[in-house]
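S.K.: My structure is below; once you've seen it, I'll send some questions.
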Amino acid sequence: MIKIGVAGTIAAGKTSVSILLKRRGFAVFNSDQYARMATHKNNPCFAKIIEAFGDELIDKDGDIDRAKLAAIVFHDEEARLKLNSITHPYVKEGLLKFFERNSEQPAVFAEVPLLFEAGWQDLFDHTLVITCKKETAIRRMMEDRDYTEEEALARYQSQIDPEKQIALADRVIHNDGTLEDLDHEINLYIRDLRKEIRNGNQGI
C-alpha cells in the first residue's frame, strides 16, 4: 500500500482534490474532520481542551464552540501549540487506524493541512502539495468564506511558507484555474500513480 499525504496552502483546493480522489475510488482520510471530533463532549480530548482553555468554550449543546477556540489559538502561538499537543495524538491515532482498515488497498490518501508543521512526513510514502498564487487564495477566501481582505490576508500569512511546502513535496499541483483544470491535473497524477503501482515501485 502506498500512503500519500495531501497538504497545501489555505484555499488552494485540498478538499476539492479529496473529493476528486474519492470519485476515483480512493480512500481518503480527512484530518480536519477528525480534529473536529475532538471538540465533542464525548471525545477523550474534550476534558483536556476545557482544562487548558476554560469552560466558557462550552456551547449550548455541551460541545466546544470551535469558533471561540479558533479565535483564541489564531492570535496566540503558545495556545495553538497547546491545542495541537492535545489533538494531534488523537488525529494521528485515527490516521494509523485508517491505514490499518485500508491495508489491502494499492494506495490511500490523507488530507493533512499541517502535515509538514506536525512533522508527519515519515508516516507517508509520498507527499502531494496543492498550492495556488497568493492572489488566488485571497480571492477564494473572500468569495467562498466571506472573509474580508484583511481577514483573508491574516490567515494566508499565518500558515507555513508556501515555498517551503513546495520544496518539501514529492509532487506539486498548482491550482489557480477552474475545477475542470484541477480534474485534469488529478487525472495526470493518478495516471502516474497507477503506473508506479503496476510497476511495484513506490517512487512517483
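Quick note on naming: the chains in the C-alpha cells go A, B, ... in the order shown, residues restart at 1 in each chain, and ligands are numbered from 1 in order of appearance.
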Report as a Markdown table: every residue of region 42-113 of chain A with an atom at most 6 Å from region 8-31 of chain A, its closest pair of atoms, and their distance in Å to one decimal, counting only C-alpha atoms, with rows sorted by chain and ascending residue number.
M.R.:
```
| residue | atom | partner | partner_atom | distance |
| --- | --- | --- | --- | --- |
| A:Val108 | CA | A:Ala27 | CA | 5.3 |
| A:Phe109 | CA | A:Val28 | CA | 4.7 |
| A:Ala110 | CA | A:Phe29 | CA | 4.3 |
| A:Glu111 | CA | A:Asn30 | CA | 5.0 |
| A:Val112 | CA | A:Ser31 | CA | 5.4 |
```
S.K.: Please, could you write that set of residues out with N, CA, C and O atoms as a PDB file, in the first residue's frame?
M.R.:
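Output file part08.pdb is given in full below:
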```
ATOM      1  N   VAL A 108      -3.655   4.841  -0.702  1.00  0.00           N
ATOM      2  CA  VAL A 108      -4.620   5.623   0.068  1.00  0.00           C
ATOM      3  C   VAL A 108      -4.073   7.032   0.249  1.00  0.00           C
ATOM      4  O   VAL A 108      -2.862   7.269   0.164  1.00  0.00           O
ATOM      5  N   PHE A 109      -5.000   7.968   0.527  1.00  0.00           N
ATOM      6  CA  PHE A 109      -4.627   9.369   0.688  1.00  0.00           C
ATOM      7  C   PHE A 109      -5.091   9.882   2.048  1.00  0.00           C
ATOM      8  O   PHE A 109      -6.078   9.397   2.608  1.00  0.00           O
ATOM      9  N   ALA A 110      -4.390  10.868   2.564  1.00  0.00           N
ATOM     10  CA  ALA A 110      -4.794  11.544   3.796  1.00  0.00           C
ATOM     11  C   ALA A 110      -4.604  13.039   3.606  1.00  0.00           C
ATOM     12  O   ALA A 110      -3.498  13.492   3.304  1.00  0.00           O
ATOM     13  N   GLU A 111      -5.702  13.778   3.756  1.00  0.00           N
ATOM     14  CA  GLU A 111      -5.641  15.239   3.672  1.00  0.00           C
ATOM     15  C   GLU A 111      -5.208  15.766   5.039  1.00  0.00           C
ATOM     16  O   GLU A 111      -5.963  15.733   5.999  1.00  0.00           O
ATOM     17  N   VAL A 112      -3.971  16.252   5.113  1.00  0.00           N
ATOM     18  CA  VAL A 112      -3.389  16.722   6.373  1.00  0.00           C
ATOM     19  C   VAL A 112      -2.787  18.107   6.135  1.00  0.00           C
ATOM     20  O   VAL A 112      -1.614  18.233   5.775  1.00  0.00           O
TER      21      VAL A 112
END
```
S.K.: Excluding region 91-103 of chain A and any residue of its chain fewer than 3 positions from it, enumerate the residues within 7 Å of it, using only C-alpha atoms, and give them as a list in words.
M.R.: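 The residues satisfying every condition are Met1, Phe29, Ser31, Tyr34, Ala35, Thr87 and His88 of chain A.
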S.K.: Produce a file of the selected residues containing all heavy atoms, as a compact mmCIF listing (two decimals), in the first residue's frame.
M.R.:
```txt
# COMPACT_ATOMS: atom_id res chain seq x y z
N MET A 1 0.84 -1.20 0.00
CA MET A 1 0.00 0.00 0.00
C MET A 1 0.88 1.25 0.00
O MET A 1 1.79 1.38 0.81
CB MET A 1 -0.91 0.02 1.24
CG MET A 1 -1.79 1.26 1.32
SD MET A 1 -2.86 1.26 2.78
CE MET A 1 -1.69 1.48 4.11
N PHE A 29 -8.50 9.99 4.04
CA PHE A 29 -8.65 10.40 5.45
C PHE A 29 -8.61 11.91 5.52
O PHE A 29 -7.75 12.55 4.91
CB PHE A 29 -7.50 9.79 6.27
CG PHE A 29 -7.52 10.18 7.73
CD1 PHE A 29 -8.26 9.45 8.65
CD2 PHE A 29 -6.76 11.25 8.19
CE1 PHE A 29 -8.25 9.78 10.00
CE2 PHE A 29 -6.74 11.59 9.54
CZ PHE A 29 -7.49 10.85 10.44
N SER A 31 -8.02 14.86 8.07
CA SER A 31 -7.56 15.13 9.44
C SER A 31 -8.35 16.26 10.10
O SER A 31 -8.55 16.24 11.32
CB SER A 31 -6.07 15.48 9.44
OG SER A 31 -5.83 16.68 8.75
N TYR A 34 -11.49 14.84 11.50
CA TYR A 34 -11.18 14.05 12.69
C TYR A 34 -10.88 14.97 13.87
O TYR A 34 -11.30 14.71 15.00
CB TYR A 34 -9.99 13.14 12.41
CG TYR A 34 -10.06 11.82 13.15
CD1 TYR A 34 -10.79 10.76 12.64
CD2 TYR A 34 -9.40 11.65 14.36
CE1 TYR A 34 -10.87 9.55 13.33
CE2 TYR A 34 -9.47 10.45 15.05
CZ TYR A 34 -10.21 9.41 14.53
OH TYR A 34 -10.29 8.22 15.21
N ALA A 35 -10.16 16.06 13.61
CA ALA A 35 -9.84 17.01 14.68
C ALA A 35 -11.10 17.67 15.23
O ALA A 35 -11.18 17.97 16.43
CB ALA A 35 -8.87 18.08 14.17
N THR A 87 -4.69 17.59 20.40
CA THR A 87 -5.44 17.00 19.30
C THR A 87 -4.60 16.15 18.35
O THR A 87 -5.09 15.17 17.80
CB THR A 87 -6.17 18.08 18.49
OG1 THR A 87 -5.21 19.01 17.97
CG2 THR A 87 -7.17 18.83 19.37
N HIS A 88 -3.34 16.51 18.15
CA HIS A 88 -2.53 15.79 17.16
C HIS A 88 -2.36 14.30 17.47
O HIS A 88 -2.48 13.47 16.56
CB HIS A 88 -1.16 16.46 16.99
CG HIS A 88 -1.21 17.67 16.11
ND1 HIS A 88 -0.09 18.35 15.68
CD2 HIS A 88 -2.27 18.34 15.58
CE1 HIS A 88 -0.45 19.36 14.92
NE2 HIS A 88 -1.76 19.38 14.86
```
S.K.: Could you pull out the helix (DSSP H, G or I) residues of region 22-200 of chain A from DSSP and send them as a VMD selection string?
M.R.: chain A and resid 22 to 23 31 to 37 46 to 53 55 to 57 66 to 74 77 to 101 115 to 118 121 to 123 134 to 144 149 to 157 162 to 168 179 to 199
S.K.: Export, as an mmCIF file, in the first residue's frame, the selected residues with C-alpha atoms.
M.R.:
```
data_model
loop_
_atom_site.group_PDB
_atom_site.id
_atom_site.type_symbol
_atom_site.label_atom_id
_atom_site.label_comp_id
_atom_site.auth_asym_id
_atom_site.auth_seq_id
_atom_site.Cartn_x
_atom_site.Cartn_y
_atom_site.Cartn_z
ATOM 1 C CA LYS A 22 -12.867 9.733 -3.741
ATOM 2 C CA ARG A 23 -14.749 9.866 -7.041
ATOM 3 C CA SER A 31 -7.559 15.131 9.438
ATOM 4 C CA ASP A 32 -9.599 18.319 9.894
ATOM 5 C CA GLN A 33 -12.832 16.353 10.183
ATOM 6 C CA TYR A 34 -11.179 14.051 12.691
ATOM 7 C CA ALA A 35 -9.837 17.012 14.680
ATOM 8 C CA ARG A 36 -13.354 18.482 14.818
ATOM 9 C CA MET A 37 -14.473 15.321 16.590
ATOM 10 C CA PHE A 46 -12.747 17.294 25.359
ATOM 11 C CA ALA A 47 -11.753 17.456 29.043
ATOM 12 C CA LYS A 48 -8.141 18.278 28.191
ATOM 13 C CA ILE A 49 -9.190 21.168 25.954
ATOM 14 C CA ILE A 50 -11.538 22.574 28.597
ATOM 15 C CA GLU A 51 -8.838 22.221 31.245
ATOM 16 C CA ALA A 52 -6.403 24.126 29.040
ATOM 17 C CA PHE A 53 -8.708 26.877 27.748
ATOM 18 C CA ASP A 55 -15.255 26.011 30.338
ATOM 19 C CA GLU A 56 -16.504 29.244 28.757
ATOM 20 C CA LEU A 57 -15.839 27.453 25.480
ATOM 21 C CA ARG A 66 -14.965 25.810 17.686
ATOM 22 C CA ALA A 67 -15.217 29.442 16.586
ATOM 23 C CA LYS A 68 -14.307 30.659 20.084
ATOM 24 C CA LEU A 69 -11.471 28.172 20.309
ATOM 25 C CA ALA A 70 -10.142 29.209 16.906
ATOM 26 C CA ALA A 71 -10.235 32.866 17.925
ATOM 27 C CA ILE A 72 -8.025 32.057 20.907
ATOM 28 C CA VAL A 73 -5.392 29.984 19.143
ATOM 29 C CA PHE A 74 -5.234 32.073 15.951
ATOM 30 C CA GLU A 77 1.115 30.815 19.211
ATOM 31 C CA GLU A 78 1.553 29.240 22.635
ATOM 32 C CA ALA A 79 -2.165 28.431 22.772
ATOM 33 C CA ARG A 80 -2.060 26.976 19.271
ATOM 34 C CA LEU A 81 0.824 24.691 20.188
ATOM 35 C CA LYS A 82 -1.008 23.652 23.355
ATOM 36 C CA LEU A 83 -4.124 22.728 21.379
ATOM 37 C CA ASN A 84 -2.037 20.810 18.844
ATOM 38 C CA SER A 85 -0.380 18.844 21.649
ATOM 39 C CA ILE A 86 -3.861 17.680 22.691
ATOM 40 C CA THR A 87 -5.441 16.995 19.304
ATOM 41 C CA HIS A 88 -2.530 15.789 17.162
ATOM 42 C CA PRO A 89 -2.007 12.468 19.009
ATOM 43 C CA TYR A 90 -5.749 11.773 18.671
ATOM 44 C CA VAL A 91 -5.713 12.565 14.937
ATOM 45 C CA LYS A 92 -2.543 10.521 14.427
ATOM 46 C CA GLU A 93 -4.168 7.534 16.135
ATOM 47 C CA GLY A 94 -7.140 7.874 13.776
ATOM 48 C CA LEU A 95 -4.814 8.095 10.780
ATOM 49 C CA LEU A 96 -2.981 4.915 11.744
ATOM 50 C CA LYS A 97 -6.311 3.091 12.184
ATOM 51 C CA PHE A 98 -7.313 4.343 8.728
ATOM 52 C CA PHE A 99 -4.138 2.810 7.302
ATOM 53 C CA GLU A 100 -4.952 -0.491 9.026
ATOM 54 C CA ARG A 101 -8.542 -0.541 7.732
ATOM 55 C CA LEU A 115 1.494 17.659 7.585
ATOM 56 C CA PHE A 116 4.887 19.398 7.478
ATOM 57 C CA GLU A 117 4.308 21.529 10.571
ATOM 58 C CA ALA A 118 3.428 18.387 12.541
ATOM 59 C CA GLN A 121 6.232 13.185 6.596
ATOM 60 C CA ASP A 122 7.625 9.841 7.765
ATOM 61 C CA LEU A 123 4.091 8.443 8.067
ATOM 62 C CA LYS A 134 -1.467 34.339 -3.076
ATOM 63 C CA GLU A 135 -3.979 36.446 -5.032
ATOM 64 C CA THR A 136 -5.997 33.330 -5.865
ATOM 65 C CA ALA A 137 -6.114 32.241 -2.222
ATOM 66 C CA ILE A 138 -7.177 35.692 -1.005
ATOM 67 C CA ARG A 139 -9.916 35.924 -3.644
ATOM 68 C CA ARG A 140 -11.258 32.455 -2.838
ATOM 69 C CA MET A 141 -11.394 33.158 0.891
ATOM 70 C CA MET A 142 -13.265 36.388 0.272
ATOM 71 C CA GLU A 143 -15.711 34.793 -2.179
ATOM 72 C CA ASP A 144 -16.205 31.361 -0.595
ATOM 73 C CA GLU A 149 -9.467 41.084 2.565
ATOM 74 C CA GLU A 150 -7.738 41.793 5.885
ATOM 75 C CA GLU A 151 -9.029 38.545 7.431
ATOM 76 C CA ALA A 152 -8.024 36.534 4.370
ATOM 77 C CA LEU A 153 -4.558 38.048 4.327
ATOM 78 C CA ALA A 154 -4.064 37.352 8.038
ATOM 79 C CA ARG A 155 -4.945 33.684 7.560
ATOM 80 C CA TYR A 156 -2.739 33.378 4.498
ATOM 81 C CA GLN A 157 0.227 34.848 6.343
ATOM 82 C CA PRO A 162 4.143 28.008 0.573
ATOM 83 C CA GLU A 163 7.605 27.797 -0.993
ATOM 84 C CA LYS A 164 8.765 25.623 1.886
ATOM 85 C CA GLN A 165 5.834 23.276 1.305
ATOM 86 C CA ILE A 166 6.698 23.073 -2.380
ATOM 87 C CA ALA A 167 10.338 22.325 -1.582
ATOM 88 C CA LEU A 168 9.346 19.504 0.790
ATOM 89 C CA LEU A 179 -12.347 22.803 -11.277
ATOM 90 C CA GLU A 180 -12.069 21.239 -14.731
ATOM 91 C CA ASP A 181 -8.389 22.226 -14.840
ATOM 92 C CA LEU A 182 -7.854 20.652 -11.423
ATOM 93 C CA ASP A 183 -9.689 17.491 -12.506
ATOM 94 C CA HIS A 184 -7.314 17.221 -15.462
ATOM 95 C CA GLU A 185 -4.275 17.607 -13.188
ATOM 96 C CA ILE A 186 -5.604 14.869 -10.913
ATOM 97 C CA ASN A 187 -6.050 12.613 -13.950
ATOM 98 C CA LEU A 188 -2.399 13.123 -14.847
ATOM 99 C CA TYR A 189 -1.303 12.469 -11.289
ATOM 100 C CA ILE A 190 -3.383 9.297 -10.942
ATOM 101 C CA ARG A 191 -2.117 8.059 -14.305
ATOM 102 C CA ASP A 192 1.447 8.286 -12.998
ATOM 103 C CA LEU A 193 0.474 6.767 -9.658
ATOM 104 C CA ARG A 194 -1.206 3.771 -11.251
ATOM 105 C CA LYS A 195 1.820 3.260 -13.455
ATOM 106 C CA GLU A 196 4.001 3.106 -10.356
ATOM 107 C CA ILE A 197 1.580 0.699 -8.651
ATOM 108 C CA ARG A 198 1.696 -1.593 -11.697
ATOM 109 C CA ASN A 199 5.476 -1.466 -11.700
#
```
S.K.: CA of Leu114 (chain A) to CA of Arg145 (chain A): how many Å, to one decimal?
M.R.: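 For CA of Leu114 (chain A) relative to CA of Arg145 (chain A), the distance reads 19.9 Å.
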S.K.: Find the residue from A:Cys132, A:Val6, A:Ala38, A:Ile58 that sits nearest to Gly177 (chain A); use only C-alpha atoms when measuring.
M.R.: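 Looking at the shortest contact to Gly177 (chain A), the residue is A:Cys132.
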S.K.: Which value, in Å to one decimal, gives the distance between CA of Thr178 (chain A) and CA of Pro113 (chain A)?
M.R.: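 Taking CA of Thr178 (chain A) and CA of Pro113 (chain A), their separation equals 21.3 Å.
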